[in-house]
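Below is start10.txt, which holds compact mmCIF, C-alpha atoms.
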# COMPACT_ATOMS: atom_id res chain seq x y z
CA MET Q 267 224.32 84.49 196.71
CA ALA Q 268 221.82 83.22 194.12
CA SER Q 269 218.86 83.44 196.48
CA GLN Q 270 219.19 87.21 196.56
CA ARG Q 271 219.30 88.05 192.84
CA VAL Q 272 215.54 88.58 192.44
CA PHE Q 273 213.73 90.93 194.82
CA PRO Q 274 210.98 93.58 194.97
CA LEU Q 275 211.75 97.29 194.99
CA SER Q 276 210.16 100.38 196.50
CA CYS Q 277 210.67 103.17 193.99
CA VAL Q 278 210.99 106.93 194.28
CA VAL Q 279 208.16 109.33 193.38
CA GLN Q 280 209.13 112.79 192.08
CA GLN Q 281 206.49 115.47 192.68
CA TYR Q 282 207.49 117.99 190.00
CA ALA Q 283 205.02 120.82 189.37
CA TRP Q 284 204.24 119.69 185.79
CA GLY Q 285 202.85 116.33 186.96
CA LYS Q 286 199.20 115.29 187.11
CA MET Q 287 197.50 115.95 190.41
CA GLY Q 288 196.59 113.21 192.88
CA SER Q 289 194.68 110.20 191.57
CA ASN Q 290 194.53 111.72 188.07
CA SER Q 291 198.17 110.61 187.82
CA GLU Q 292 199.05 107.08 186.68
CA VAL Q 293 202.12 107.37 188.92
CA ALA Q 294 199.86 107.92 191.95
CA ARG Q 295 197.47 105.14 190.89
CA LEU Q 296 200.33 102.64 190.52
CA LEU Q 297 201.70 103.71 193.90
CA ALA Q 298 198.31 103.29 195.59
CA SER Q 299 197.77 99.85 194.01
CA SER Q 300 201.19 98.52 195.03
CA ASP Q 301 201.10 99.90 198.57
CA PRO Q 302 197.71 99.97 200.33
CA GLN Q 303 199.24 102.16 203.05
CA ALA Q 304 200.31 104.86 200.58
CA ARG Q 305 198.35 108.08 201.02
CA ILE Q 306 197.67 109.99 197.82
CA SER Q 307 197.26 113.75 198.26
CA GLU Q 308 194.81 115.10 195.70
CA ASP Q 309 196.42 118.56 195.86
CA LYS Q 310 199.95 117.34 195.01
CA PRO Q 311 201.46 116.49 191.62
CA TYR Q 312 202.72 112.95 191.04
CA ALA Q 313 205.02 113.44 188.04
CA GLU Q 314 207.51 110.57 187.90
CA LEU Q 315 208.19 107.14 189.35
CA TRP Q 316 211.91 106.33 189.22
CA MET Q 317 213.02 102.68 189.04
CA GLY Q 318 216.80 102.40 189.15
CA THR Q 319 219.96 103.58 190.90
CA HIS Q 320 220.01 107.32 190.13
CA PRO Q 321 221.65 109.23 193.02
CA ARG Q 322 218.51 111.38 193.42
CA GLY Q 323 216.19 108.37 193.37
CA ASP Q 324 217.92 105.11 194.31
CA ALA Q 325 215.24 102.41 194.71
CA LYS Q 326 214.90 100.75 198.11
CA ILE Q 327 215.09 96.96 198.40
CA LEU Q 328 212.04 95.27 199.95
CA ASP Q 329 213.72 92.06 201.13
CA SER Q 330 214.65 91.61 204.77
CA ARG Q 331 217.35 89.06 203.87
CA ILE Q 332 219.39 91.73 202.10
CA SER Q 333 221.54 94.01 204.24
CA GLN Q 334 221.94 96.82 201.69
CA ARG Q 335 219.13 99.36 201.79
CA THR Q 336 219.19 100.53 198.17
CA LEU Q 337 219.59 98.94 194.76
CA GLY Q 338 222.63 101.10 193.97
CA GLN Q 339 224.41 99.91 197.12
CA TRP Q 340 223.54 96.29 196.39
CA ILE Q 341 224.73 96.41 192.76
CA ALA Q 342 228.01 98.06 193.84
CA GLU Q 343 228.71 94.93 195.92
CA ASN Q 344 227.15 92.45 193.46
CA GLN Q 345 228.33 93.68 190.07
CA ASP Q 346 228.08 90.21 188.51
CA SER Q 347 224.30 90.55 188.79
CA LEU Q 348 224.50 93.09 185.93
CA GLY Q 349 225.67 90.44 183.46
CA SER Q 350 229.25 90.16 182.25
CA LYS Q 351 228.95 92.40 179.17
CA VAL Q 352 226.91 95.06 180.98
CA LYS Q 353 229.32 95.07 183.91
CA ASP Q 354 232.35 95.52 181.64
CA THR Q 355 230.76 98.03 179.25
CA PHE Q 356 229.28 100.30 181.91
CA ASN Q 357 231.93 100.04 184.65
CA GLY Q 358 229.86 97.98 187.05
CA LYS Q 359 226.84 100.29 187.01
CA LEU Q 360 223.22 99.92 185.87
CA PRO Q 361 223.21 101.91 182.60
CA PHE Q 362 219.55 102.93 182.50
CA LEU Q 363 216.84 104.62 184.53
CA PHE Q 364 213.31 103.25 184.11
CA LYS Q 365 210.38 105.59 184.79
CA VAL Q 366 206.66 106.19 184.66
CA LEU Q 367 205.67 109.77 183.77
CA SER Q 368 202.31 111.50 184.27
CA VAL Q 369 202.43 114.82 182.41
CA ASP Q 370 199.83 117.56 182.86
CA THR Q 371 201.84 120.66 181.90
CA ALA Q 372 204.22 120.80 178.91
CA LEU Q 373 207.76 119.70 179.66
CA SER Q 374 210.23 122.09 177.93
CA ILE Q 375 211.45 122.37 174.33
CA GLN Q 376 214.66 120.40 174.72
CA ALA Q 377 217.25 118.06 173.24
CA HIS Q 378 219.97 115.86 174.68
CA PRO Q 379 223.64 115.98 173.64
CA ASN Q 380 225.63 113.09 172.22
CA LYS Q 381 228.57 111.85 174.29
CA GLU Q 382 231.09 114.15 172.62
CA LEU Q 383 229.02 117.28 173.25
CA ALA Q 384 228.04 116.08 176.73
CA GLU Q 385 231.72 115.90 177.71
CA LYS Q 386 232.34 119.39 176.36
CA LEU Q 387 229.28 120.93 178.07
CA HIS Q 388 230.12 119.23 181.36
CA LEU Q 389 233.61 120.74 181.30
CA GLN Q 390 232.32 124.20 180.39
CA ALA Q 391 229.29 124.42 182.70
CA PRO Q 392 229.04 121.55 185.21
CA GLN Q 393 226.41 123.48 187.18
CA HIS Q 394 224.03 123.11 184.22
CA TYR Q 395 225.35 119.88 182.67
CA PRO Q 396 226.22 117.70 185.67
CA ASP Q 397 227.74 114.65 183.92
CA ALA Q 398 229.56 113.66 180.73
CA ASN Q 399 227.07 111.06 179.48
CA HIS Q 400 224.57 111.14 176.64
CA LYS Q 401 220.84 110.83 177.43
CA PRO Q 402 218.86 109.00 174.75
CA GLU Q 403 215.26 108.39 175.85
CA MET Q 404 212.28 106.33 174.78
CA ALA Q 405 208.66 106.98 175.75
CA ILE Q 406 205.99 104.25 175.45
CA ALA Q 407 202.43 105.49 175.93
CA LEU Q 408 200.27 104.05 178.73
CA THR Q 409 197.38 106.40 177.93
CA SER Q 410 196.91 108.80 175.02
CA PHE Q 411 200.23 110.67 175.11
CA GLN Q 412 200.94 113.93 173.29
CA GLY Q 413 204.39 115.24 172.46
CA LEU Q 414 206.50 117.22 170.02
CA CYS Q 415 209.30 115.34 168.26
CA GLY Q 416 211.67 116.27 165.43
CA PHE Q 417 211.18 118.83 162.67
CA ARG Q 418 208.06 118.81 160.54
CA PRO Q 419 208.31 118.50 156.76
CA VAL Q 420 209.30 121.93 155.41
CA GLU Q 421 206.06 122.07 153.39
CA GLU Q 422 204.08 122.09 156.65
CA ILE Q 423 206.27 124.81 158.17
CA VAL Q 424 205.86 126.99 155.06
CA THR Q 425 202.07 126.56 155.29
CA PHE Q 426 202.16 127.80 158.90
CA LEU Q 427 204.31 130.77 157.85
CA THR Q 428 201.52 131.71 155.43
CA LYS Q 429 198.62 131.10 157.83
CA VAL Q 430 200.19 132.51 161.01
CA PRO Q 431 201.61 136.01 160.30
CA GLU Q 432 202.77 136.38 163.91
CA PHE Q 433 204.95 133.29 163.43
CA GLN Q 434 206.33 134.63 160.15
CA PHE Q 435 207.11 138.00 161.78
CA LEU Q 436 209.41 136.31 164.32
CA VAL Q 437 211.03 133.94 161.81
CA GLY Q 438 211.76 136.97 159.62
CA ASP Q 439 211.51 137.65 155.89
CA ASN Q 440 214.96 136.33 154.94
CA ALA Q 441 214.58 133.00 156.76
CA THR Q 442 211.01 132.63 155.46
CA THR Q 443 212.21 133.11 151.88
CA GLN Q 444 215.07 130.64 152.46
CA LEU Q 445 212.61 128.00 153.77
CA LYS Q 446 210.29 128.45 150.78
CA GLN Q 447 213.16 128.25 148.29
CA SER Q 448 214.62 125.14 149.99
CA LEU Q 449 211.58 123.12 148.89
CA SER Q 450 213.09 122.88 145.39
CA HIS Q 451 216.63 122.14 146.62
CA ASP Q 452 218.49 119.23 148.24
CA SER Q 453 218.37 118.05 151.85
CA GLN Q 454 221.45 120.09 152.77
CA ALA Q 455 219.77 123.33 151.66
CA MET Q 456 216.64 122.29 153.56
CA ALA Q 457 218.63 121.64 156.75
CA SER Q 458 220.39 125.00 156.39
CA ALA Q 459 217.05 126.79 155.92
CA LEU Q 460 215.55 124.98 158.93
CA LYS Q 461 218.49 125.95 161.12
CA SER Q 462 218.28 129.58 160.01
CA GLY Q 463 214.52 129.81 160.55
CA PHE Q 464 214.40 127.98 163.87
CA SER Q 465 217.41 129.90 165.26
CA HIS Q 466 215.92 133.21 164.21
CA LEU Q 467 212.67 132.34 165.97
CA MET Q 468 214.28 131.07 169.19
CA GLU Q 469 216.62 134.08 169.43
CA SER Q 470 213.76 136.61 169.13
CA LYS Q 471 213.72 139.44 171.66
CA LYS Q 472 211.37 138.77 174.58
CA GLN Q 473 209.28 141.92 174.01
CA LEU Q 474 208.61 140.98 170.38
CA VAL Q 475 207.67 137.42 171.37
CA VAL Q 476 205.17 138.66 173.97
CA GLU Q 477 203.64 141.16 171.51
CA GLN Q 478 203.24 138.64 168.69
CA LEU Q 479 202.02 135.89 171.00
CA ASN Q 480 199.38 138.19 172.49
CA LEU Q 481 198.19 139.09 168.98
CA LEU Q 482 197.98 135.43 167.99
CA VAL Q 483 196.23 134.37 171.21
CA LYS Q 484 193.68 137.17 170.77
CA ARG Q 485 193.04 136.17 167.17
CA ILE Q 486 192.64 132.46 167.95
CA SER Q 487 190.44 133.19 170.98
CA GLN Q 488 188.11 135.27 168.79
CA GLN Q 489 187.95 132.46 166.22
CA VAL Q 490 187.12 129.91 168.92
CA ALA Q 491 184.47 132.18 170.43
CA ALA Q 492 182.90 132.51 166.98
CA GLY Q 493 182.70 128.73 166.74
CA ASN Q 494 185.35 128.48 164.01
CA ASN Q 495 187.72 125.52 163.65
CA VAL Q 496 191.34 126.51 164.46
CA GLU Q 497 192.84 123.05 164.01
CA ASP Q 498 194.74 124.10 160.86
CA ILE Q 499 196.95 126.39 162.97
CA CYS Q 500 197.06 124.15 166.10
CA GLY Q 501 194.95 126.83 167.81
CA GLU Q 502 193.79 124.84 170.83
CA LEU Q 503 197.33 123.65 171.57
CA LEU Q 504 198.73 127.17 171.26
CA LEU Q 505 196.14 128.52 173.73
CA GLN Q 506 196.92 125.66 176.12
CA LEU Q 507 200.69 126.27 176.02
CA HIS Q 508 200.26 130.05 176.37
CA GLN Q 509 198.10 129.49 179.44
CA GLN Q 510 200.83 127.28 180.94
CA TYR Q 511 203.78 129.48 179.88
CA PRO Q 512 202.54 133.02 179.06
CA GLY Q 513 204.78 134.94 176.66
CA ASP Q 514 207.12 131.95 176.11
CA ILE Q 515 208.89 131.54 172.76
CA GLY Q 516 208.31 127.77 173.05
CA CYS Q 517 204.64 128.34 172.17
CA PHE Q 518 205.72 129.11 168.58
CA ALA Q 519 207.90 125.97 168.35
CA ILE Q 520 204.77 123.91 167.63
CA TYR Q 521 204.90 125.28 164.07
CA PHE Q 522 208.38 123.82 163.53
CA LEU Q 523 208.05 120.48 165.36
CA ASN Q 524 205.94 117.40 164.67
CA LEU Q 525 202.94 116.93 166.94
CA LEU Q 526 202.48 113.27 167.89
CA THR Q 527 199.60 111.69 169.78
CA LEU Q 528 200.68 108.20 170.79
CA LYS Q 529 198.09 105.50 171.48
CA PRO Q 530 198.79 103.08 174.36
CA GLY Q 531 201.71 100.87 173.32
CA GLU Q 532 203.02 103.30 170.70
CA ALA Q 533 206.48 104.74 171.28
CA MET Q 534 208.85 107.49 170.24
CA PHE Q 535 212.63 107.28 170.51
CA LEU Q 536 214.50 110.51 171.25
CA GLU Q 537 218.07 110.11 170.08
CA ALA Q 538 220.75 112.75 170.57
CA ASN Q 539 220.09 116.20 169.06
CA VAL Q 540 216.39 115.63 168.31
CA PRO Q 541 214.20 118.51 169.56
CA HIS Q 542 211.21 117.35 171.58
CA ALA Q 543 208.78 118.13 174.37
CA TYR Q 544 206.28 116.04 176.31
CA LEU Q 545 202.90 117.79 176.40
CA LYS Q 546 200.31 115.60 178.14
CA GLY Q 547 199.59 112.01 179.14
CA ASP Q 548 201.07 108.98 180.88
CA CYS Q 549 204.00 106.92 179.62
CA VAL Q 550 206.69 104.47 180.53
CA GLU Q 551 210.11 105.98 179.83
CA CYS Q 552 213.57 104.47 179.69
CA MET Q 553 216.73 106.54 179.38
CA ALA Q 554 220.49 106.40 179.77
CA CYS Q 555 221.66 107.51 183.21
CA SER Q 556 222.31 111.22 182.73
CA ASP Q 557 220.90 114.60 183.69
CA ASN Q 558 222.07 116.40 180.55
CA THR Q 559 219.23 118.38 178.97
CA VAL Q 560 219.59 121.47 176.77
CA ARG Q 561 216.43 123.60 177.03
CA ALA Q 562 215.10 126.56 175.06
CA GLY Q 563 211.49 127.17 176.04
CA LEU Q 564 208.36 126.05 177.96
CA THR Q 565 210.36 125.79 181.16
CA SER Q 566 211.38 127.71 184.27
CA LYS Q 567 214.79 125.97 184.26
CA PHE Q 568 218.08 127.12 182.74
CA ILE Q 569 217.74 127.99 179.03
CA ASP Q 570 220.62 127.62 176.57
CA VAL Q 571 219.30 128.72 173.17
CA PRO Q 572 222.68 129.05 171.36
CA THR Q 573 223.74 125.51 172.32
CA LEU Q 574 220.36 124.04 171.39
CA CYS Q 575 220.19 125.75 167.99
CA GLU Q 576 223.76 124.72 167.16
CA MET Q 577 223.45 121.06 168.21
CA LEU Q 578 220.09 120.10 166.67
CA SER Q 579 219.59 117.60 163.90
CA TYR Q 580 217.78 119.64 161.23
CA THR Q 581 216.29 116.67 159.42
CA PRO Q 582 212.61 117.11 158.55
CA SER Q 583 210.31 114.07 158.52
CA PRO Q 584 206.58 113.31 158.66
CA SER Q 585 205.20 112.70 162.16
CA LYS Q 586 204.51 109.02 161.38
CA ASP Q 587 208.25 108.50 160.83
CA ARG Q 588 208.89 109.55 164.43
CA LEU Q 589 206.98 106.52 165.76
CA PHE Q 590 209.26 103.75 167.03
CA PRO Q 591 207.51 100.39 166.44
CA PRO Q 592 208.32 97.35 168.57
CA LYS Q 593 209.28 93.95 167.14
CA TRP Q 594 207.27 90.90 168.11
CA SER Q 595 209.22 88.02 169.62
CA GLN Q 596 209.53 84.82 167.57
CA GLU Q 597 209.78 82.69 170.74
CA ASP Q 598 207.20 84.34 173.01
CA PRO Q 599 203.75 85.18 171.53
CA TYR Q 600 203.05 87.64 174.37
CA LEU Q 601 206.26 89.67 174.14
CA SER Q 602 207.24 92.66 172.01
CA LEU Q 603 210.62 94.41 172.12
CA TYR Q 604 211.43 98.12 171.83
CA ALA Q 605 215.16 98.06 171.03
CA PRO Q 606 216.52 101.50 170.08
CA PRO Q 607 219.92 101.85 168.36
CA VAL Q 608 221.82 102.62 171.58
CA PRO Q 609 223.60 100.16 173.89
CA ASP Q 610 222.24 101.56 177.17
CA PHE Q 611 218.72 100.11 177.27
CA ALA Q 612 215.84 98.24 175.66
CA VAL Q 613 212.28 97.69 176.89
CA MET Q 614 210.13 94.57 176.64
CA LYS Q 615 206.34 94.70 176.81
CA MET Q 616 204.47 91.56 177.87
CA GLU Q 617 200.71 91.30 177.36
CA VAL Q 618 199.58 87.98 178.81
CA PRO Q 619 195.91 86.95 178.63
CA GLY Q 620 194.20 86.10 181.92
CA SER Q 621 193.48 82.58 180.63
CA VAL Q 622 197.20 81.75 180.99
CA THR Q 623 197.83 80.37 184.49
CA GLU Q 624 201.62 80.72 184.51
CA TYR Q 625 204.05 82.87 182.52
CA LYS Q 626 207.82 82.52 182.41
CA VAL Q 627 209.96 85.67 182.30
CA SER Q 628 213.05 84.42 180.47
CA ALA Q 629 216.61 84.82 181.69
CA LEU Q 630 218.80 87.51 180.08
CA ASP Q 631 222.51 88.24 180.21
CA SER Q 632 221.54 91.57 181.78
CA ALA Q 633 220.06 92.84 184.99
CA SER Q 634 216.49 94.03 184.43
CA ILE Q 635 213.69 95.87 186.20
CA LEU Q 636 210.13 94.64 185.78
CA LEU Q 637 207.02 96.79 186.30
CA MET Q 638 203.52 95.35 186.73
CA VAL Q 639 201.07 97.78 185.14
CA GLN Q 640 198.15 95.37 185.25
CA GLY Q 641 197.53 92.02 186.91
CA THR Q 642 198.13 90.07 190.13
CA VAL Q 643 200.73 87.30 190.35
CA THR Q 644 203.17 85.50 192.59
CA ALA Q 645 206.77 85.46 191.36
CA SER Q 646 209.20 82.63 192.02
CA THR Q 647 212.61 81.58 190.74
CA PRO Q 648 214.33 78.17 190.56
CA THR Q 649 216.81 79.34 193.22
CA VAL Q 650 214.42 80.88 195.74
CA GLN Q 651 211.92 78.94 197.84
CA ALA Q 652 209.77 81.89 198.96
CA VAL Q 653 207.37 83.46 196.47
CA ILE Q 654 207.07 87.22 195.93
CA PRO Q 655 203.53 88.60 195.60
CA LEU Q 656 203.28 91.22 192.84
CA GLN Q 657 200.30 93.33 191.87
CA ARG Q 658 199.62 96.47 189.83
CA GLY Q 659 202.43 98.96 190.54
CA GLY Q 660 204.78 96.25 191.81
CA VAL Q 661 208.44 96.45 190.75
CA LEU Q 662 210.91 93.56 190.64
CA PHE Q 663 214.68 93.56 190.17
CA ILE Q 664 215.89 90.50 188.23
CA GLY Q 665 219.61 89.74 188.22
CA ALA Q 666 221.34 88.57 185.06
CA ASN Q 667 220.72 84.94 184.02
CA GLU Q 668 217.74 84.58 186.38
CA SER Q 669 214.39 83.39 185.07
CA VAL Q 670 211.16 84.17 186.94
CA SER Q 671 207.89 82.29 186.91
CA LEU Q 672 204.73 84.39 187.34
CA LYS Q 673 201.62 82.53 188.52
CA LEU Q 674 198.40 84.44 187.97
CA THR Q 675 196.45 84.62 191.24
CA VAL Q 676 193.57 86.54 189.61
CA PRO Q 677 192.43 85.55 186.09
CA GLU Q 678 192.89 88.99 184.51
CA ASP Q 679 195.21 90.06 181.69
CA LEU Q 680 198.77 91.03 182.57
CA LEU Q 681 200.52 94.13 181.23
CA ILE Q 682 204.20 94.15 182.16
CA PHE Q 683 207.17 96.28 181.07
CA ARG Q 684 210.75 95.15 181.58
CA ALA Q 685 213.79 97.40 181.11
CA CYS Q 686 217.10 95.74 180.34
CA CYS Q 687 220.36 96.14 178.42
CA LEU Q 688 220.79 93.93 175.34
CA LEU Q 689 224.44 94.12 174.24
Go through the file and emit its structure as structure tokens.
Amino acid sequence: MASQRVFPLSCVVQQYAWGKMGSNSEVARLLASSDPQARISEDKPYAELWMGTHPRGDAKILDSRISQRTLGQWIAENQDSLGSKVKDTFNGKLPFLFKVLSVDTALSIQAHPNKELAEKLHLQAPQHYPDANHKPEMAIALTSFQGLCGFRPVEEIVTFLTKVPEFQFLVGDNATTQLKQSLSHDSQAMASALKSGFSHLMESKKQLVVEQLNLLVKRISQQVAAGNNVEDICGELLLQLHQQYPGDIGCFAIYFLNLLTLKPGEAMFLEANVPHAYLKGDCVECMACSDNTVRAGLTSKFIDVPTLCEMLSYTPSPSKDRLFPPKWSQEDPYLSLYAPPVPDFAVMKMEVPGSVTEYKVSALDSASILLMVQGTVTASTPTVQAVIPLQRGGVLFIGANESVSLKLTVPEDLLIFRACCLL
């Protein structure tokens, strides 16, 4: 029934320990803005807001005319709402999970497998790799957002090996020499040297890691106390990670991986086999529906160092190359599109000035989920008589081929993100 293809959602909050506490969290602030009755506990972490049909966080439908309680149940009975191509390609299921993340404590050195490896891992160890799907992800910063992503240029790694003897000790003399020599060789030799050095580091014995980390922490702490700048060896970050995960090998990974600080609106795309970690900040994230993550440090979860070291893409690049820029729409002056090279998802960002009284969200041949980050509107569609009030934190499901008109009820700028699948 056409009248039921656009409706508001109540989404699931995940209170993981690494999340920001209480009203420091953008997740909590969005929740409080969208639901005046929501009580925010200042002593609890608000880590993630899930918008989608994931079994552990299926969004609830806020429309009394609809009998199904959750979005997953409704889509199962209304598969045409996905759009014909999406329905056929993804077996009648929504292919993405849309999220807001508020990160206070670093979120594991990790990578995600491609589909081929995901199938293999799922067969071998379903308790750790619970499905056979890949898990590409994209993070778009809402506030200043810090993360690690991809391997640094080898020149930078070699500089750290010289400046940080504790790091060089764990990488080892042979791998250090190989990395230095690879600078004058081709990309294949560089990749081989990176794999050797990173694997040697990550496979270090725990006792050696603790000893070397304690030496480095002591040395940096003394430098900081003396008023010296330790930026050239990422000193402040190392102290922060050691405080969060004492004695963890992941603390040393910062010397291999690019450190990115995204400004609001900047994004990074995390394709299969790219090592990464979220460190701090708030972001919108979109990902393929999967729980497959291979971890090797900065985590209390299952660690699989051999798999991670074997699967990684050992392609060094400057940090600026890890940014994923959006493309501005030719038809809509307020819309920019983050379209990564995977079929599962894309994200639109709409920044509408408060002087605009009405804004049309165009129809797509895909189901989509819309998140209001800023602004107050009423939403209506050509097929529905009743309007849907939406304010900051509000979430709207839009079925395929449905357009939505947003009328601004308060003359302030709108910031909206919309996850969809553009096949």
Which residues of stretch 378-426 of chain Q come within 12 Å of stretch 432-443 of chain Q, and what is each one's closest atom pair and distance in Å (one decimal), counting all atoms listed in the file, sorted by chain and residue number, as a Markdown table?
| residue | atom | partner | partner_atom | distance |
| --- | --- | --- | --- | --- |
| Q:Val420 | CA | Q:Thr442 | CA | 10.8 |
| Q:Glu421 | CA | Q:Thr442 | CA | 11.8 |
| Q:Ile423 | CA | Q:Thr442 | CA | 9.5 |
| Q:Val424 | CA | Q:Thr442 | CA | 7.6 |
| Q:Thr425 | CA | Q:Gln434 | CA | 10.3 |
| Q:Phe426 | CA | Q:Phe433 | CA | 7.6 |
Spatial neighbours of Q:Glu343, 10 Å, all atoms listed in the file, chain gap at least 5 places, as a list in words
Gln334, Gly338 and Gly358 of chain Q
Set the distance at 8 Å and use only C-alpha atoms: which residues neighbour stretch 480-492 of chain Q once local chain neighbours fewer than 2 positions away are removed? I'd like the list as a list of chain:residue names.
Q:Val430, Q:Glu432, Q:Val476, Q:Glu477, Q:Gln478, Q:Asn494, Q:Asn495, Q:Val496, Q:Gly501, Q:Leu504, Q:Leu505, Q:His508, Q:Gly513
Provide the atom CA of Q:Val670 to atom CA of Q:Phe535 distance in Å, to one decimal place.
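Here the two named atoms are 28.4 Å from each other.
Atom pair atom CA of Q:Pro311 / atom CA of Q:Asn290 has a distance of 9.1 Å (rounded to one decimal).
Atom to atom, atom CA of Q:Pro619 and atom CA of Q:Leu603 stand 17.7 Å apart.
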Quick one: stretch 519-534 of chain Q with N, CA, C and O atoms, as an mmCIF file, in the first residue's frame?
data_model
loop_
_atom_site.group_PDB
_atom_site.id
_atom_site.type_symbol
_atom_site.label_atom_id
_atom_site.label_comp_id
_atom_site.auth_asym_id
_atom_site.auth_seq_id
_atom_site.Cartn_x
_atom_site.Cartn_y
_atom_site.Cartn_z
ATOM 1 N N ALA Q 519 51.137 0.215 16.558
ATOM 2 C CA ALA Q 519 50.633 0.237 15.178
ATOM 3 C C ALA Q 519 50.527 1.658 14.625
ATOM 4 O O ALA Q 519 50.497 1.850 13.411
ATOM 5 N N ILE Q 520 50.495 2.652 15.521
ATOM 6 C CA ILE Q 520 50.393 4.043 15.049
ATOM 7 C C ILE Q 520 51.611 4.442 14.212
ATOM 8 O O ILE Q 520 51.535 5.392 13.428
ATOM 9 N N TYR Q 521 52.715 3.713 14.345
ATOM 10 C CA TYR Q 521 53.913 4.040 13.567
ATOM 11 C C TYR Q 521 53.898 3.400 12.178
ATOM 12 O O TYR Q 521 54.731 3.722 11.333
ATOM 13 N N PHE Q 522 52.951 2.495 11.948
ATOM 14 C CA PHE Q 522 52.778 1.900 10.622
ATOM 15 C C PHE Q 522 51.599 2.516 9.862
ATOM 16 O O PHE Q 522 51.599 2.537 8.628
ATOM 17 N N LEU Q 523 50.570 2.979 10.580
ATOM 18 C CA LEU Q 523 49.318 3.382 9.940
ATOM 19 C C LEU Q 523 49.150 4.901 9.904
ATOM 20 O O LEU Q 523 49.591 5.616 10.810
ATOM 21 N N ASN Q 524 48.499 5.371 8.849
ATOM 22 C CA ASN Q 524 48.217 6.805 8.711
ATOM 23 C C ASN Q 524 47.284 7.285 9.815
ATOM 24 O O ASN Q 524 46.279 6.629 10.124
ATOM 25 N N LEU Q 525 47.613 8.436 10.368
ATOM 26 C CA LEU Q 525 46.735 9.090 11.345
ATOM 27 C C LEU Q 525 45.948 10.171 10.624
ATOM 28 O O LEU Q 525 46.531 11.091 10.046
ATOM 29 N N LEU Q 526 44.627 10.051 10.646
ATOM 30 C CA LEU Q 526 43.756 11.028 9.988
ATOM 31 C C LEU Q 526 42.926 11.759 11.034
ATOM 32 O O LEU Q 526 42.406 11.136 11.969
ATOM 33 N N THR Q 527 42.788 13.055 10.871
ATOM 34 C CA THR Q 527 41.828 13.822 11.653
ATOM 35 C C THR Q 527 40.854 14.456 10.676
ATOM 36 O O THR Q 527 41.195 15.401 9.953
ATOM 37 N N LEU Q 528 39.652 13.878 10.602
ATOM 38 C CA LEU Q 528 38.636 14.360 9.662
ATOM 39 C C LEU Q 528 37.920 15.565 10.234
ATOM 40 O O LEU Q 528 37.541 15.585 11.409
ATOM 41 N N LYS Q 529 37.705 16.584 9.393
ATOM 42 C CA LYS Q 529 36.839 17.706 9.772
ATOM 43 C C LYS Q 529 35.401 17.313 9.465
ATOM 44 O O LYS Q 529 35.173 16.419 8.629
ATOM 45 N N PRO Q 530 34.408 17.980 10.092
ATOM 46 C CA PRO Q 530 33.012 17.645 9.779
ATOM 47 C C PRO Q 530 32.754 17.659 8.268
ATOM 48 O O PRO Q 530 33.140 18.599 7.573
ATOM 49 N N GLY Q 531 32.145 16.576 7.782
ATOM 50 C CA GLY Q 531 31.866 16.448 6.354
ATOM 51 C C GLY Q 531 32.923 15.678 5.596
ATOM 52 O O GLY Q 531 32.659 15.191 4.492
ATOM 53 N N GLU Q 532 34.128 15.541 6.160
ATOM 54 C CA GLU Q 532 35.161 14.734 5.509
ATOM 55 C C GLU Q 532 34.926 13.256 5.812
ATOM 56 O O GLU Q 532 34.383 12.909 6.865
ATOM 57 N N ALA Q 533 35.373 12.404 4.887
ATOM 58 C CA ALA Q 533 35.056 10.976 5.014
ATOM 59 C C ALA Q 533 36.278 10.116 4.717
ATOM 60 O O ALA Q 533 37.216 10.542 4.046
ATOM 61 N N MET Q 534 36.243 8.891 5.253
ATOM 62 C CA MET Q 534 37.194 7.867 4.830
ATOM 63 C C MET Q 534 36.408 6.597 4.514
ATOM 64 O O MET Q 534 35.440 6.265 5.199
#
